[in-house]
Amino acid sequence: MLRHDVPASLVVFLVAVPLSLGIALASGAPIVAGLIAAVVGGVVAGLLGGSPLQVSGPAAGLTVLMAETIETFGWQVTCLISMLAGALQLLLGLSRVARAALAISPAIVHGMLAGIGVTIVLGQLHVVLGGSAQSSALENIAELPGQIVAHHDAAAAIGLLTIAILLIWPKLPAAVRKVPGPLAAIAIATGVSLLAGMTLPRVELSGDLLQIRFAPELPGGGWVDVVVAAITIALIASVESLLSAVAVDKLQNGPRANLDRELLGQGAANMVSGALGGLPVTGVIVRSSTNVAAGARTRASAVLHGVWVLVFVVALAGVLGSIPLAALAGLLVHVGAKLVNPAHLRQVLRHGDLPLYLVTLGGVVVFDLLTGVLAGVVLAVLLMVRRTVWSGIHVEQHGSEWRVVVEGVLTFLSVPRLTKVLGSVPERATVTLDLVVDYLDHAAFESLTTWQQAHERAGGVVTVDEVGHPWFGKGKEGSPTLRRNAAASAVPRWLAPWSAWQAVDVALPGQRTHRGATEFQRRAAPLLKDTLSGLANGQQPHTLFITCGDSRIVPNLITTSGPGDLFTIRNIGNLVPPAQADPSMNASIEFAVGVLGVREIVVCGHSSCGAMGALAEGAPPGTALAAWLAHAEPSKHSSGPVTLDGQLPAGERDRLALHNVLQQLDHLREYPLVADAEARGELLLSGLYFDVGAAQVYLSGPKRGAFVSAGSPAPSLPAPTGG
């Protein structure tokens with residue numbers, strides 16, 4: 001694997017060096033601290049982490065927080081804070097809570113990164129233009145116009161040159177782009193500054209980099225603030241590392257990341273980096289994606305990149321000392337601008353989380369990183385509560401009658417809205433209270449009950465139409481349901497019979513159809529309008545479905561189909577008379593096969609069929625039923641058993657129903673149009689049997705006389721092959 005990992009590690013190393021220097025500069029830390037973090041992140045996190053191809057090091061996402069921490073506590077105490085943050089990450093990894101960190105909304109993470117990016121750009125623009133960054137983003141904004149119009153020296157030229165190279169680099173030929181853009185920009189800007197003899201502030205390194213004197217120190221006091229800073233760094237570094245690890249998994253097909261182990265690796269790296277005087281370490285998606293794109297196969301690439309950084313720093317410290325700070329500032333402006341990712345913003349917009357993004361971004365820029373993230377988390381919780389307890393409450397008027405519709409979760413939070421809507425109903429009006437709720441708490445129940453009693457005392461009429469679990473009804477009975485998981489599940493109206501959701505004792509049979517049609521118009525029609533509009537001028541059903549007229553058989557329900565899918569023929573006993581015996585059946589089959597061009601004909605029988613019972617016992621002579629069932633007589637004399645999953649049905653009429661399905665398929669093949677289409681491979685004939693009591697569908701298999709349950713592997717039926 002080294003033939004892949006060594007070249008990849010060199011590419012990542014070339015990207016990591018200038019970025020590590022720039023991040024240290026933006027954080028206000030000693031320049032060497034960024035390089036120490038790059039070495040430790042590569043070696044320690046690379047060896048111990050759970051994401052083999054992730055590359056760790058100092059991250060731009062922590063620059064604002066680190067700048068605040070260093071300014072508040074000083075550098076030595078900040079090193080201690082980094083160690084404490086690492087220890088906390090170790091505890092989190094051992095607690096196996098890594099995936100819980102992913103519960104933070106991506107909108108908050110993207111908003112945090114964008115806020116950091118804006119803050120970096122606002123601060124480093126001053127450095128690029130030859131000035132100094134202010135202490136806050138708002139001060140940077142206020143001072144920026146004056147900085148722009150002020151006199152600019154060589155530093156501004158070098159900074160702008162660096163930005164220009166970074167913008168142009170991705171558009172150059174692929175052969176040129178093999179050199180990483182950040183490395184090329186820093187190298188060119190440094191070379192130009194040296195050739196032009198510019199006197200500029202440059203990177204300052206100690207004489208012997210191996211003599212590290214940034215050992216952590218204990219604070220003189222304020223331990224609460226120190227602990228808060230450590231927790232903040234640990235949480236943000238953990239979230240960034242875990243999200244980066246998940247993103248790396250999406251870029252490669254190798255082993256998936258062990259997130260708990262990744263936290264352990266990150267924690268160990270931060271403890272070592274803090275002890276040696278380095279910046280905090282996180283998994284970095286820029287370096288990690290570069291690692292994957294360069295062809296890395298194992299964690300050796302991340303480890304070797306850290307080794308190369310160490311060798312480079314020790315052997316070529318003089319080269320680092322030639323780099324202008326303005327060039328690093330230009331690099332940071334480019335990095336900060338890329339943190340405001342338009343693709344992330346579009347994703348947030350699509351998911352309706354723009355408020356989270358903007359609140360987090362604004363909080364980071366105006367206040368600080370922790371405040372921004374906490375503001376985003378608080379808003380996310382509020383939005384979650386709102387979505388959880390949302391209730392659709394509105395009132396409809398139909399002539400002299402009123403309908404109050406309540407949908408969703410109805411809790412005390414919805415009572416103000418509920419009271420307002422109920423208050424809009426006139427006194428003495430006839431009202432239907434239409435409740436389709438997932439949960440009803442005590443406050444909402446009291447509000448509804450109080451209103452109903454007051455309305456009825458004033459001469460009004462209130463009818464409660466409750467769909468699903470009877471939350472309100474149970475409360476009225478004195479045995480309210482206390483928890484959502486204790487509620488009985490309900491079949492949706494469009495699947496349940498009328499008796500399951502209509503008030504049986506107040507509606508005459510004819511009114512049930514009226515109520516059902518009204519329900520369709522109110523709830524189902526808006527959902528089906530687009531589908532039905534496409535079928536308005538014609539139909540192209542795939543299947544001719546012949547079944548019994550029994551009210552318990554709902555073809556579209558048991559085949560999970562909708563408008564335009566089935567051309568259905570229903571009669572007593574799902575019979576197919578000879579072609580010349582029944583003009584209606586003959587015309588229907590001719591139209592379905594010859595005109596509509598259906599690709600399949602299904603004959604569907606069912607259990608407890610009354611027609612099969614009459615056939616077995618003998619229908620009254622001389623009746624229309626007896627004449628019709630004559631077309632099923634051959635089924636009584638069929639030989640051989642017909643089984644359901646290898647078992648014979650217990651009842652005689654059910655055994656006869658199975659024989660009848662097969663017999664009617666034989667009758668279909670006597671129709672010339674059907675026989676010709678089947679012979680050409682353009683039509684498939686199949687049988688179906690529905691066990692009503694078990695709600696189980698059985699399909700005819702390739703072997704005659706054997707039906708198998710629809711939950712079994714699909715039978716090997718020949719597929720139609722025509723055009």
# chains A, B, ... in the order shown; residues from 1 in each chain; ligands from 1
call {"tool": "select_by_dssp", "arguments": {"residues": "stretch 591-635 of chain A", "states": "helix (DSSP H, G or I)", "output": "ChimeraX atom specification"}}
result
/A:591-595,610-617,624-635
call {"tool": "atom_distance", "arguments": {"atom1": "atom CA of A:Gln539", "atom2": "atom CA of A:Arg680"}}
result
23.5 Å
call {"tool": "closest_atom_pairs", "arguments": {"of": "stretch 416-492 of chain A", "to": "stretch 405-411 of chain A", "cutoff": "8 Å", "atoms": "only C-alpha atoms", "output": "tab-separated table"}}
result
residue	atom	partner	partner_atom	distance
A:Leu433	CA	A:Val405	CA	6.4
A:Asp434	CA	A:Val405	CA	4.7
A:Leu435	CA	A:Val406	CA	5.1
A:Val436	CA	A:Glu407	CA	4.8
A:Val437	CA	A:Gly408	CA	4.7
A:Asp438	CA	A:Val409	CA	5.2
A:Tyr439	CA	A:Val409	CA	4.9
A:Leu440	CA	A:Leu410	CA	5.0
A:Asp441	CA	A:Thr411	CA	5.1
A:His442	CA	A:Thr411	CA	7.7
A:Ala443	CA	A:Thr411	CA	6.6
A:Ala444	CA	A:Thr411	CA	5.4
call {"tool": "residues_around", "arguments": {"residues": "stretch 321-331 of chain A", "least_positions_apart": "2", "cutoff": "6 Å", "atoms": "only C-alpha atoms", "output": "list in words"}}
result
Gly22, Gln124, Val128, Ala155, Ile158, Gly159, Thr162, Ile163, Thr190, Pro201, Arg202, Val203, Glu204, Gly318, Val319, Val333 and His334 of chain A
call {"tool": "select_by_dssp", "arguments": {"residues": "stretch 542-610 of chain A", "states": "strand (DSSP E or B)", "output": "list of chain:residue names"}}
result
A:Thr543, A:Leu544, A:Phe545, A:Ile546, A:Thr547, A:Cys548, A:Leu566, A:Phe567, A:Thr568, A:Ile569, A:Arg570, A:Asn571, A:Glu600, A:Ile601, A:Val602, A:Val603, A:Cys604, A:Gly605, A:His606
call {"tool": "write_last_selection", "arguments": {"atoms": "N, CA, C and O atoms", "output": "mmCIF file, in the first residue's frame"}}
result
data_model
loop_
_atom_site.group_PDB
_atom_site.id
_atom_site.type_symbol
_atom_site.label_atom_id
_atom_site.label_comp_id
_atom_site.auth_asym_id
_atom_site.auth_seq_id
_atom_site.Cartn_x
_atom_site.Cartn_y
_atom_site.Cartn_z
ATOM 1 N N THR A 543 -53.346 -3.641 -16.038
ATOM 2 C CA THR A 543 -53.939 -4.923 -15.647
ATOM 3 C C THR A 543 -55.462 -4.895 -15.758
ATOM 4 O O THR A 543 -56.096 -3.912 -15.363
ATOM 5 N N LEU A 544 -56.011 -5.990 -16.296
ATOM 6 C CA LEU A 544 -57.443 -6.253 -16.218
ATOM 7 C C LEU A 544 -57.660 -7.110 -14.979
ATOM 8 O O LEU A 544 -57.104 -8.207 -14.865
ATOM 9 N N PHE A 545 -58.442 -6.606 -14.029
ATOM 10 C CA PHE A 545 -58.624 -7.269 -12.746
ATOM 11 C C PHE A 545 -60.075 -7.739 -12.646
ATOM 12 O O PHE A 545 -61.005 -6.934 -12.591
ATOM 13 N N ILE A 546 -60.284 -9.079 -12.652
ATOM 14 C CA ILE A 546 -61.621 -9.669 -12.577
ATOM 15 C C ILE A 546 -61.803 -10.247 -11.185
ATOM 16 O O ILE A 546 -61.049 -11.130 -10.760
ATOM 17 N N THR A 547 -62.779 -9.727 -10.459
ATOM 18 C CA THR A 547 -62.951 -10.177 -9.077
ATOM 19 C C THR A 547 -64.422 -10.203 -8.712
ATOM 20 O O THR A 547 -65.291 -9.799 -9.485
ATOM 21 N N CYS A 548 -64.692 -10.680 -7.510
ATOM 22 C CA CYS A 548 -66.056 -10.823 -7.013
ATOM 23 C C CYS A 548 -66.622 -9.462 -6.606
ATOM 24 O O CYS A 548 -65.883 -8.536 -6.269
ATOM 25 N N LEU A 566 -55.783 -0.238 -12.650
ATOM 26 C CA LEU A 566 -56.571 -1.456 -12.854
ATOM 27 C C LEU A 566 -57.829 -1.157 -13.662
ATOM 28 O O LEU A 566 -58.567 -0.219 -13.352
ATOM 29 N N PHE A 567 -58.060 -1.971 -14.688
ATOM 30 C CA PHE A 567 -59.353 -1.974 -15.388
ATOM 31 C C PHE A 567 -60.125 -3.123 -14.756
ATOM 32 O O PHE A 567 -59.772 -4.297 -14.941
ATOM 33 N N THR A 568 -61.171 -2.812 -13.979
ATOM 34 C CA THR A 568 -61.780 -3.798 -13.083
ATOM 35 C C THR A 568 -63.149 -4.263 -13.574
ATOM 36 O O THR A 568 -63.985 -3.443 -13.967
ATOM 37 N N ILE A 569 -63.362 -5.577 -13.539
ATOM 38 C CA ILE A 569 -64.674 -6.188 -13.802
ATOM 39 C C ILE A 569 -65.076 -6.939 -12.543
ATOM 40 O O ILE A 569 -64.320 -7.782 -12.045
ATOM 41 N N ARG A 570 -66.275 -6.651 -12.013
ATOM 42 C CA ARG A 570 -66.739 -7.309 -10.807
ATOM 43 C C ARG A 570 -68.074 -7.973 -11.080
ATOM 44 O O ARG A 570 -68.961 -7.390 -11.716
ATOM 45 N N ASN A 571 -68.208 -9.206 -10.602
ATOM 46 C CA ASN A 571 -69.493 -9.902 -10.688
ATOM 47 C C ASN A 571 -69.567 -10.937 -9.573
ATOM 48 O O ASN A 571 -68.592 -11.145 -8.843
ATOM 49 N N GLU A 600 -51.607 -7.742 -18.454
ATOM 50 C CA GLU A 600 -51.866 -8.823 -17.509
ATOM 51 C C GLU A 600 -53.367 -8.897 -17.226
ATOM 52 O O GLU A 600 -54.055 -7.879 -17.194
ATOM 53 N N ILE A 601 -53.876 -10.130 -17.056
ATOM 54 C CA ILE A 601 -55.247 -10.341 -16.588
ATOM 55 C C ILE A 601 -55.161 -11.156 -15.307
ATOM 56 O O ILE A 601 -54.513 -12.213 -15.263
ATOM 57 N N VAL A 602 -55.806 -10.647 -14.260
ATOM 58 C CA VAL A 602 -55.815 -11.315 -12.960
ATOM 59 C C VAL A 602 -57.250 -11.706 -12.628
ATOM 60 O O VAL A 602 -58.165 -10.890 -12.741
ATOM 61 N N VAL A 603 -57.431 -12.969 -12.227
ATOM 62 C CA VAL A 603 -58.712 -13.410 -11.681
ATOM 63 C C VAL A 603 -58.512 -13.571 -10.187
ATOM 64 O O VAL A 603 -57.628 -14.313 -9.735
ATOM 65 N N CYS A 604 -59.327 -12.860 -9.405
ATOM 66 C CA CYS A 604 -59.156 -12.829 -7.946
ATOM 67 C C CYS A 604 -60.362 -13.443 -7.255
ATOM 68 O O CYS A 604 -61.488 -12.939 -7.376
ATOM 69 N N GLY A 605 -60.142 -14.540 -6.525
ATOM 70 C CA GLY A 605 -61.159 -15.120 -5.668
ATOM 71 C C GLY A 605 -60.871 -14.772 -4.228
ATOM 72 O O GLY A 605 -59.873 -14.114 -3.915
ATOM 73 N N HIS A 606 -61.720 -15.241 -3.315
ATOM 74 C CA HIS A 606 -61.513 -14.877 -1.915
ATOM 75 C C HIS A 606 -62.165 -15.903 -1.002
ATOM 76 O O HIS A 606 -62.986 -16.734 -1.429
#
call {"tool": "residues_around", "arguments": {"residues": "stretch 100-110 of chain A", "least_positions_apart": "4", "cutoff": "9 Å", "atoms": "only C-alpha atoms", "output": "count of residues only"}}
result
30
call {"tool": "residues_around", "arguments": {"residues": "A:Pro182", "least_positions_apart": "6", "cutoff": "12 Å", "atoms": "only C-alpha atoms", "output": "PyMOL selection string"}}
result
chain A and resi 11-22+162-170+188-189+286-287+327-335
call {"tool": "write_last_selection", "arguments": {"atoms": "N, CA, C and O atoms", "output": "compact mmCIF listing (two decimals), in the first residue's frame"}}
result
# COMPACT_ATOMS: atom_id res chain seq x y z
N VAL A 11 1.52 14.99 -1.00
CA VAL A 11 0.56 15.99 -1.46
C VAL A 11 -0.11 16.67 -0.26
O VAL A 11 -0.23 17.91 -0.20
N VAL A 12 -0.54 15.89 0.72
CA VAL A 12 -1.20 16.45 1.90
C VAL A 12 -0.22 17.32 2.68
O VAL A 12 -0.59 18.39 3.20
N PHE A 13 1.01 16.91 2.77
CA PHE A 13 2.04 17.69 3.47
C PHE A 13 2.19 19.08 2.83
O PHE A 13 2.27 20.10 3.53
N LEU A 14 2.20 19.13 1.51
CA LEU A 14 2.36 20.41 0.82
C LEU A 14 1.17 21.33 1.06
O LEU A 14 1.30 22.56 1.07
N VAL A 15 -0.01 20.75 1.26
CA VAL A 15 -1.19 21.55 1.58
C VAL A 15 -1.16 21.99 3.05
O VAL A 15 -1.55 23.12 3.39
N ALA A 16 -0.70 21.10 3.93
CA ALA A 16 -0.81 21.33 5.37
C ALA A 16 0.11 22.44 5.87
O ALA A 16 -0.28 23.20 6.77
N VAL A 17 1.33 22.55 5.32
CA VAL A 17 2.30 23.51 5.88
C VAL A 17 1.80 24.95 5.80
O VAL A 17 1.73 25.64 6.82
N PRO A 18 1.45 25.46 4.62
CA PRO A 18 0.98 26.86 4.61
C PRO A 18 -0.30 27.08 5.40
O PRO A 18 -0.46 28.12 6.04
N LEU A 19 -1.23 26.11 5.37
CA LEU A 19 -2.46 26.27 6.13
C LEU A 19 -2.19 26.30 7.63
O LEU A 19 -2.80 27.08 8.37
N SER A 20 -1.28 25.46 8.10
CA SER A 20 -0.96 25.43 9.54
C SER A 20 -0.34 26.74 9.99
O SER A 20 -0.65 27.26 11.08
N LEU A 21 0.52 27.31 9.16
CA LEU A 21 1.12 28.60 9.49
C LEU A 21 0.05 29.70 9.54
O LEU A 21 0.03 30.53 10.45
N GLY A 22 -0.84 29.69 8.54
CA GLY A 22 -1.87 30.72 8.49
C GLY A 22 -2.84 30.63 9.66
O GLY A 22 -3.26 31.65 10.22
N THR A 162 -1.42 36.90 -3.45
CA THR A 162 -1.71 35.55 -2.94
C THR A 162 -3.16 35.16 -3.21
O THR A 162 -3.45 34.05 -3.68
N ILE A 163 -4.08 36.09 -2.93
CA ILE A 163 -5.51 35.81 -3.17
C ILE A 163 -5.75 35.57 -4.66
O ILE A 163 -6.49 34.64 -5.05
N ALA A 164 -5.14 36.40 -5.51
CA ALA A 164 -5.34 36.25 -6.96
C ALA A 164 -4.87 34.89 -7.45
O ALA A 164 -5.53 34.23 -8.26
N ILE A 165 -3.71 34.44 -6.96
CA ILE A 165 -3.19 33.13 -7.39
C ILE A 165 -4.13 32.01 -6.94
O ILE A 165 -4.42 31.07 -7.71
N LEU A 166 -4.64 32.10 -5.72
CA LEU A 166 -5.55 31.08 -5.22
C LEU A 166 -6.85 31.03 -6.03
O LEU A 166 -7.43 29.96 -6.23
N LEU A 167 -7.32 32.18 -6.51
CA LEU A 167 -8.55 32.22 -7.31
C LEU A 167 -8.31 31.68 -8.71
O LEU A 167 -9.17 31.00 -9.29
N ILE A 168 -7.14 31.94 -9.26
CA ILE A 168 -6.84 31.54 -10.64
C ILE A 168 -6.42 30.07 -10.71
O ILE A 168 -6.70 29.38 -11.70
N TRP A 169 -5.80 29.56 -9.67
CA TRP A 169 -5.16 28.23 -9.71
C TRP A 169 -6.10 27.10 -10.17
O TRP A 169 -5.72 26.27 -11.00
N PRO A 170 -7.33 27.03 -9.67
CA PRO A 170 -8.21 25.92 -10.10
C PRO A 170 -8.55 25.95 -11.58
O PRO A 170 -9.00 24.93 -12.12
N ILE A 188 5.02 31.54 -4.61
CA ILE A 188 5.15 32.62 -5.59
C ILE A 188 5.20 33.97 -4.89
O ILE A 188 6.04 34.84 -5.20
N ALA A 189 4.29 34.19 -3.92
CA ALA A 189 4.28 35.47 -3.21
C ALA A 189 5.59 35.69 -2.46
O ALA A 189 6.14 36.81 -2.45
N VAL A 286 -10.58 19.51 4.44
CA VAL A 286 -9.78 19.93 3.27
C VAL A 286 -8.62 18.98 3.07
O VAL A 286 -8.38 18.46 1.97
N ARG A 287 -7.87 18.72 4.13
CA ARG A 287 -6.72 17.82 4.01
C ARG A 287 -7.18 16.37 3.80
O ARG A 287 -6.54 15.62 3.05
N ALA A 327 1.20 37.28 2.99
CA ALA A 327 0.85 36.15 2.13
C ALA A 327 0.00 35.15 2.90
O ALA A 327 -0.99 34.62 2.38
N LEU A 328 0.37 34.89 4.16
CA LEU A 328 -0.44 33.99 4.98
C LEU A 328 -1.83 34.59 5.24
O LEU A 328 -2.83 33.87 5.26
N ALA A 329 -1.90 35.90 5.41
CA ALA A 329 -3.20 36.56 5.60
C ALA A 329 -4.06 36.41 4.36
O ALA A 329 -5.27 36.17 4.43
N GLY A 330 -3.44 36.56 3.17
CA GLY A 330 -4.18 36.36 1.93
C GLY A 330 -4.71 34.94 1.82
O GLY A 330 -5.86 34.71 1.38
N LEU A 331 -3.88 33.97 2.23
CA LEU A 331 -4.33 32.57 2.23
C LEU A 331 -5.52 32.39 3.17
O LEU A 331 -6.50 31.70 2.84
N LEU A 332 -5.47 33.01 4.33
CA LEU A 332 -6.57 32.88 5.29
C LEU A 332 -7.85 33.54 4.79
O LEU A 332 -8.94 33.05 5.05
N VAL A 333 -7.72 34.67 4.09
CA VAL A 333 -8.91 35.30 3.51
C VAL A 333 -9.58 34.33 2.54
O VAL A 333 -10.81 34.17 2.54
N HIS A 334 -8.78 33.64 1.74
CA HIS A 334 -9.33 32.67 0.79
C HIS A 334 -9.97 31.49 1.53
O HIS A 334 -11.08 31.04 1.19
N VAL A 335 -9.28 30.98 2.55
CA VAL A 335 -9.81 29.86 3.33
C VAL A 335 -11.11 30.27 4.03
O VAL A 335 -12.11 29.54 4.03
